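Visitor: Quick one: structure below, then a few questions.
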Amino acid sequence: SIPLGYFGGIGLASRNGILFKGSNFLDVMTTVNMVIMDKTGTLTKGVFNVQEVITDGIDKKELVSIAATIESNSTHPIAKAVVAYAGDALGGLKAKDVEEISGHGLKGTVDGKAVLAGNTKLLKKFNIAYPQEVDQLVDTVVVIAVNNRFAGYLTIADEIKEDAKQAIDRMHSLNIQTVMLSGDKQAVVDQMAKTLGIDKAFGNLLPEGKAQKVQEYKNTGSRIAFVGDGVNDAPVVALADAGIAMGGLGSDATIETADIVIQNDQPSKITAAIRIGKITKRIVW
Ligand code: ADP
Ligand code: MG
C-alpha cells in the first residue's frame with residue numbers, strides 16, 4: 001500500500017502547478033544531483049523576434065520574402081518569427097519540395113530558386129561557404145542560401161524567463177550541478193550560461209546528441225533530472241531518472257513521456273518539486 005504522505009505530496013505538488021505522474025518520482029527528485037536543461041522553451045520563453053537582416057548580393061525585401069516563404073512550411077518557433085516579421089511583405093511567392101532537416105533547418109525551392117534556411121550547420125552540409133563571423137555572433141541566426149550561394153542572415157532573439165536565474169541559484173544552493181543542452185550556436189549558449197551561472201553548456205547538438213550527453217552523465221553515476229519542451233526532447237526526457245516537461249509550451253509527446261509536468265513552464269518549479277519530495281519523505285518516514 002502507498003503511504004498516506006505520498007498522496008499528500010502529490011496533492012501539494014499539484015496545488016503548486018507541478019504534476020507528478022507517480023508517487024515514486026517524489027522520492028526520485030530527492031536524490032537528484034544534476035539538472036540538465038534544454039535552452040529554448042525551457043530556460044527561454046521560446047518566442048523569437050527578428051532583430052536584424054543582413055544581406056549579401058540580394059535585395060533585403062527579397063531575402064525576407066524568400067526566407068518567410070520557405071519558413072511558412074515549418075512550425076518551429078524560429079520559423080514563426082520569420083513569417084511574422086515578413087508580414088504582408090510575403091509577396092505571394094511559392095515554396096515547393098520543402099524538407100525539414102532536424103536540427104538544421106529547411107531545404108526547398110522558392111519561385112524555382114534553390115533555397116536553404118537554417119543554421120550554419122545546414123550550409124556546411126550542402127558545402128556552401130559563408131562569412132566566418134556568423135559563427136561568432138552571440139545571436140541566434142537564420143542563415144539563407146539562394147541558388148547555392150550565401151545570401152545573408154536574420155538575427156533573432158528570445159528572452160530568458162524571469163525566474164531562470166533564481167532557479168539556477170536555488171539548484172546550486174541544493175548542491176545540484178547544472179547543465180544546459182541546445183541545438184543553438186555555441187556562442188549563444190556560452191553567453192547565456194554565463195548570464196545564468198550554469199555550470200556546463202553544450203550547443204550545436206542534434207536531438208541524438210542531447211540523448212548521448214545525458215547517457216554519458218548517467219554513466220558517471222549522476223542522478224539526473226532532465227527538463228525539456230520540444231518534440232525532440234521526448235527521448236531525452238525518457239532517459240533521465242526524472243523526466244520533466246514544460247506543460248504550457250511543451251509538445252504532446254514530451255508531456256506524455258514525462259514523469260513530472262510543470263504546468264506554468266516556470267524553471268523555479270524544478271527546485272520546488274525537489275522541496276516537495278523532501279517534505280513528503282519526512283511525512284512518510
Ligand atoms: P533547439 O530546441 O535546441 O533549438 P532544434 O532541434 O529544434 O533544437 O533546432 C536546432 C537548431 O536548428 C535551431 O537552433 C536552428 O538553428 C535550426 N533550425 C531548426 N529548424 C529551423 C527552421 N525551421 N528554421 C531555421 N532554423 C531552424
Ligand atoms: Mg526546445
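Going through the C-alpha cells in order, the chains are called A, B, and so on, while each chain numbers its residues from 1 and the ligands are numbered from 1 in the order shown.
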Please check which protein, DNA or RNA residues sit within 9 Å of ligand 1, counting only C-alpha atoms and all ligand atoms, and write them as a PyMOL selection string.
Guide: chain A and resi 38-42+46+67+70-80+82+100-106+117-122+140-143+181-185+203-207+210+228-233
Visitor: Would you save the residues from that selection as a PDB file, in the first residue's frame, using C-alpha atoms?
Guide:
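Heads up, here's the output in part-v4.pdb:
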ATOM      1  CA  ASP A  38      17.099  22.355 -22.748  1.00  0.00           C
ATOM      2  CA  LYS A  39      17.597  26.043 -23.635  1.00  0.00           C
ATOM      3  CA  THR A  40      14.821  27.149 -25.952  1.00  0.00           C
ATOM      4  CA  GLY A  41      11.378  26.977 -24.369  1.00  0.00           C
ATOM      5  CA  THR A  42      12.769  25.693 -21.072  1.00  0.00           C
ATOM      6  CA  GLY A  46      10.714  30.192 -26.814  1.00  0.00           C
ATOM      7  CA  ALA A  67      13.040  33.255 -46.084  1.00  0.00           C
ATOM      8  CA  ILE A  70      10.076  28.685 -47.076  1.00  0.00           C
ATOM      9  CA  GLU A  71       9.641  29.095 -43.285  1.00  0.00           C
ATOM     10  CA  SER A  72       5.841  29.204 -43.680  1.00  0.00           C
ATOM     11  CA  ASN A  73       6.136  25.422 -44.151  1.00  0.00           C
ATOM     12  CA  SER A  74       7.537  24.896 -40.647  1.00  0.00           C
ATOM     13  CA  THR A  75       6.053  25.101 -37.143  1.00  0.00           C
ATOM     14  CA  HIS A  76       9.463  25.675 -35.499  1.00  0.00           C
ATOM     15  CA  PRO A  77       9.384  28.758 -33.210  1.00  0.00           C
ATOM     16  CA  ILE A  78      12.162  30.290 -35.335  1.00  0.00           C
ATOM     17  CA  ALA A  79      10.052  29.794 -38.468  1.00  0.00           C
ATOM     18  CA  LYS A  80       7.075  31.518 -36.833  1.00  0.00           C
ATOM     19  CA  VAL A  82      10.448  34.887 -39.631  1.00  0.00           C
ATOM     20  CA  GLU A 100      12.688  19.937 -42.700  1.00  0.00           C
ATOM     21  CA  ILE A 101      16.131  18.705 -41.721  1.00  0.00           C
ATOM     22  CA  SER A 102      16.079  18.029 -37.973  1.00  0.00           C
ATOM     23  CA  GLY A 103      18.425  20.313 -36.019  1.00  0.00           C
ATOM     24  CA  HIS A 104      19.455  22.151 -39.175  1.00  0.00           C
ATOM     25  CA  GLY A 105      16.535  23.962 -40.841  1.00  0.00           C
ATOM     26  CA  LEU A 106      14.807  23.861 -44.214  1.00  0.00           C
ATOM     27  CA  ALA A 117      17.171  28.475 -44.419  1.00  0.00           C
ATOM     28  CA  GLY A 118      18.605  27.340 -41.118  1.00  0.00           C
ATOM     29  CA  ASN A 119      21.818  27.361 -39.130  1.00  0.00           C
ATOM     30  CA  THR A 120      25.398  27.301 -40.398  1.00  0.00           C
ATOM     31  CA  LYS A 121      25.441  23.515 -39.975  1.00  0.00           C
ATOM     32  CA  LEU A 122      22.845  23.393 -42.754  1.00  0.00           C
ATOM     33  CA  THR A 140      20.660  33.073 -32.852  1.00  0.00           C
ATOM     34  CA  VAL A 141      20.660  33.357 -36.646  1.00  0.00           C
ATOM     35  CA  VAL A 142      18.761  32.071 -39.651  1.00  0.00           C
ATOM     36  CA  VAL A 143      21.258  31.841 -42.490  1.00  0.00           C
ATOM     37  CA  LEU A 181      21.909  21.428 -23.831  1.00  0.00           C
ATOM     38  CA  SER A 182      20.889  23.169 -27.049  1.00  0.00           C
ATOM     39  CA  GLY A 183      20.719  22.904 -30.807  1.00  0.00           C
ATOM     40  CA  ASP A 184      21.622  26.584 -30.977  1.00  0.00           C
ATOM     41  CA  LYS A 185      25.085  28.015 -31.661  1.00  0.00           C
ATOM     42  CA  GLY A 203      25.493  23.845 -28.127  1.00  0.00           C
ATOM     43  CA  ASN A 204      25.252  22.658 -31.746  1.00  0.00           C
ATOM     44  CA  LEU A 205      23.598  19.457 -30.551  1.00  0.00           C
ATOM     45  CA  LEU A 206      21.295  17.326 -32.668  1.00  0.00           C
ATOM     46  CA  PRO A 207      18.497  15.537 -30.774  1.00  0.00           C
ATOM     47  CA  LYS A 210      21.345  15.589 -26.351  1.00  0.00           C
ATOM     48  CA  GLY A 228      12.636  19.952 -21.867  1.00  0.00           C
ATOM     49  CA  ASP A 229       9.753  21.111 -24.001  1.00  0.00           C
ATOM     50  CA  GLY A 230      10.243  20.250 -27.674  1.00  0.00           C
ATOM     51  CA  VAL A 231       9.209  17.162 -29.655  1.00  0.00           C
ATOM     52  CA  ASN A 232      12.931  16.403 -29.932  1.00  0.00           C
ATOM     53  CA  ASP A 233      13.232  16.349 -26.158  1.00  0.00           C
TER      54      ASP A 233
END
Visitor: Can you list every residue in stretch 1-248 of chain A that DSSP puts in helix (DSSP H, G or I), as number ranges by chain?
Guide: A: 4-15, 24-31, 60-71, 77-90, 120-125, 133-136, 164-173, 186-196, 207-219, 231-239
Visitor: I'd like to know which of A:Ile10, A:Ala238, A:Val227, A:Ala151 is closest to ligand 2, using only C-alpha atoms and all ligand atoms.
Guide: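 Smallest separation from ligand 2 among the options: A:Val227.
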Visitor: Select, from A:Ala201, A:Ala13, A:Leu154, A:Ile58, the residue with the minimum atom-to-atom distance to A:Val83, counting only C-alpha atoms.
Guide: A:Leu154
Visitor: What lies within 7 Å of A:Asp158 using only C-alpha atoms, ignoring chain neighbours under 3 positions off, as a ChimeraX atom specification?
Guide: /A:44-49
Visitor: Using only C-alpha atoms, which residues sit within 10 Å of A:Gly9 once same-chain residues fewer than 4 positions away are excluded, as a VMD selection string?
Guide: chain A and resid 4 to 5 13 to 15 20 23 26 273 276 to 281 283 to 284
Visitor: I'd like to know which residues of stretch 238-285 of chain A are strand (DSSP E or B) (by DSSP, run on the backbone); could you write them as a PyMOL selection string?
Guide: chain A and resi 242-246+260-262
Visitor: Would you save the residues from that selection as a compact mmCIF listing (two decimals), in the first residue's frame, using C-alpha atoms?
Guide:
# COMPACT_ATOMS: atom_id res chain seq x y z
CA ALA A 242 13.31 12.14 -13.57
CA GLY A 243 11.98 13.41 -16.90
CA ILE A 244 10.34 16.81 -16.62
CA ALA A 245 8.25 18.56 -19.28
CA MET A 246 7.19 22.16 -19.59
CA ILE A 260 6.66 15.29 -13.95
CA VAL A 261 4.92 18.16 -15.75
CA ILE A 262 5.43 21.82 -14.83
Visitor: Using Å and a single decimal, report how far atom CA of A:Glu159 sits from atom CA of A:Val138.
Guide: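 Computing the Euclidean distance for atom CA of A:Val138 and atom CA of A:Glu159 yields 13.5 Å.
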Visitor: Excluding same-chain residues fewer than 2 positions from A:His172, what lies within 10 Å of it counting only C-alpha atoms, as a compact mmCIF listing (two decimals) with N, CA and C atoms, in the first residue's frame?
Guide:
# COMPACT_ATOMS: atom_id res chain seq x y z
N ASN A 33 21.08 14.92 -8.29
CA ASN A 33 22.24 15.79 -8.04
C ASN A 33 22.71 16.53 -9.29
N MET A 34 21.94 16.37 -10.39
CA MET A 34 22.26 17.11 -11.61
C MET A 34 20.96 17.44 -12.35
N VAL A 35 20.80 18.72 -12.71
CA VAL A 35 19.64 19.10 -13.52
C VAL A 35 20.16 19.50 -14.90
N GLN A 166 17.05 32.74 -10.79
CA GLN A 166 16.69 32.30 -9.43
C GLN A 166 16.66 30.76 -9.35
N ALA A 167 16.14 30.15 -10.40
CA ALA A 167 16.05 28.68 -10.43
C ALA A 167 17.44 28.05 -10.40
N ILE A 168 18.36 28.59 -11.20
CA ILE A 168 19.73 28.05 -11.24
C ILE A 168 20.41 28.27 -9.88
N ASP A 169 20.24 29.45 -9.30
CA ASP A 169 20.82 29.74 -7.98
C ASP A 169 20.31 28.76 -6.92
N ARG A 170 19.04 28.46 -6.96
CA ARG A 170 18.45 27.52 -5.98
C ARG A 170 19.01 26.12 -6.17
N LEU A 174 21.28 23.83 -3.47
CA LEU A 174 20.95 22.45 -3.09
C LEU A 174 22.07 21.48 -3.52
N ASN A 175 23.24 22.05 -3.90
CA ASN A 175 24.38 21.25 -4.36
C ASN A 175 24.09 20.44 -5.62
N ILE A 176 23.26 21.00 -6.47
CA ILE A 176 22.93 20.33 -7.73
C ILE A 176 23.72 20.96 -8.85
N GLN A 177 24.36 20.12 -9.66
CA GLN A 177 25.11 20.61 -10.81
C GLN A 177 24.14 20.96 -11.93
N THR A 178 24.43 22.04 -12.66
CA THR A 178 23.52 22.48 -13.72
C THR A 178 24.17 22.38 -15.09
N GLY A 197 24.82 31.66 -14.88
CA GLY A 197 25.71 30.94 -13.96
C GLY A 197 25.58 29.43 -14.05
N ILE A 198 25.23 28.93 -15.23
CA ILE A 198 25.10 27.49 -15.44
C ILE A 198 26.49 26.85 -15.52
N ASP A 199 26.66 25.67 -14.87
CA ASP A 199 27.98 25.05 -14.77
C ASP A 199 28.55 24.62 -16.11
Visitor: With distances taken over only C-alpha atoms, which residue among A:Ser173, A:Gln212, A:Lys61, A:Thr69 lies nearest A:Thr271?
Guide: A:Ser173
Visitor: To one decimal place, how far is atom CA of A:Lys96 from atom CA of A:Asp139 in Å?
Guide: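 Computed distance, atom CA of A:Lys96 to atom CA of A:Asp139, equals 28.9 Å.
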Visitor: Point out the residue among A:Val236, A:Ile255, A:Ile160, A:Ile66 with the least atom-to-atom distance to A:Gly209, counting only C-alpha atoms.
Guide: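 Nearest candidate to A:Gly209 out of A:Val236, A:Ile255, A:Ile160, A:Ile66: A:Val236.
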Visitor: Can you measure atom CA of A:Val237 to atom CA of A:Thr254 for me? One decimal in Å is fine.
Guide: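 Separation of atom CA of A:Val237 and atom CA of A:Thr254: 7.1 Å.
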Visitor: Can you tell me, as a VMD selection string, what residues are no more than 12 Å from A:Phe150 when counting only C-alpha atoms, ignoring any on the same chain fewer than 3 positions away?
Guide: chain A and resid 54 to 58 63 114 to 120 122 to 124 126 to 132 134 142 to 147 153
Visitor: Pick from A:Asp252, A:Glu133, A:Asp265, A:Glu216: nearest to A:Ala240, with only C-alpha atoms counted?
Guide: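 Result for the nearest residue to A:Ala240: A:Glu216.
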Visitor: Pick the closest to ligand 2 from A:Gly11, A:Leu249, A:Lys113, A:Asn219: which is it, counting only C-alpha atoms and all ligand atoms?
Guide: A:Leu249
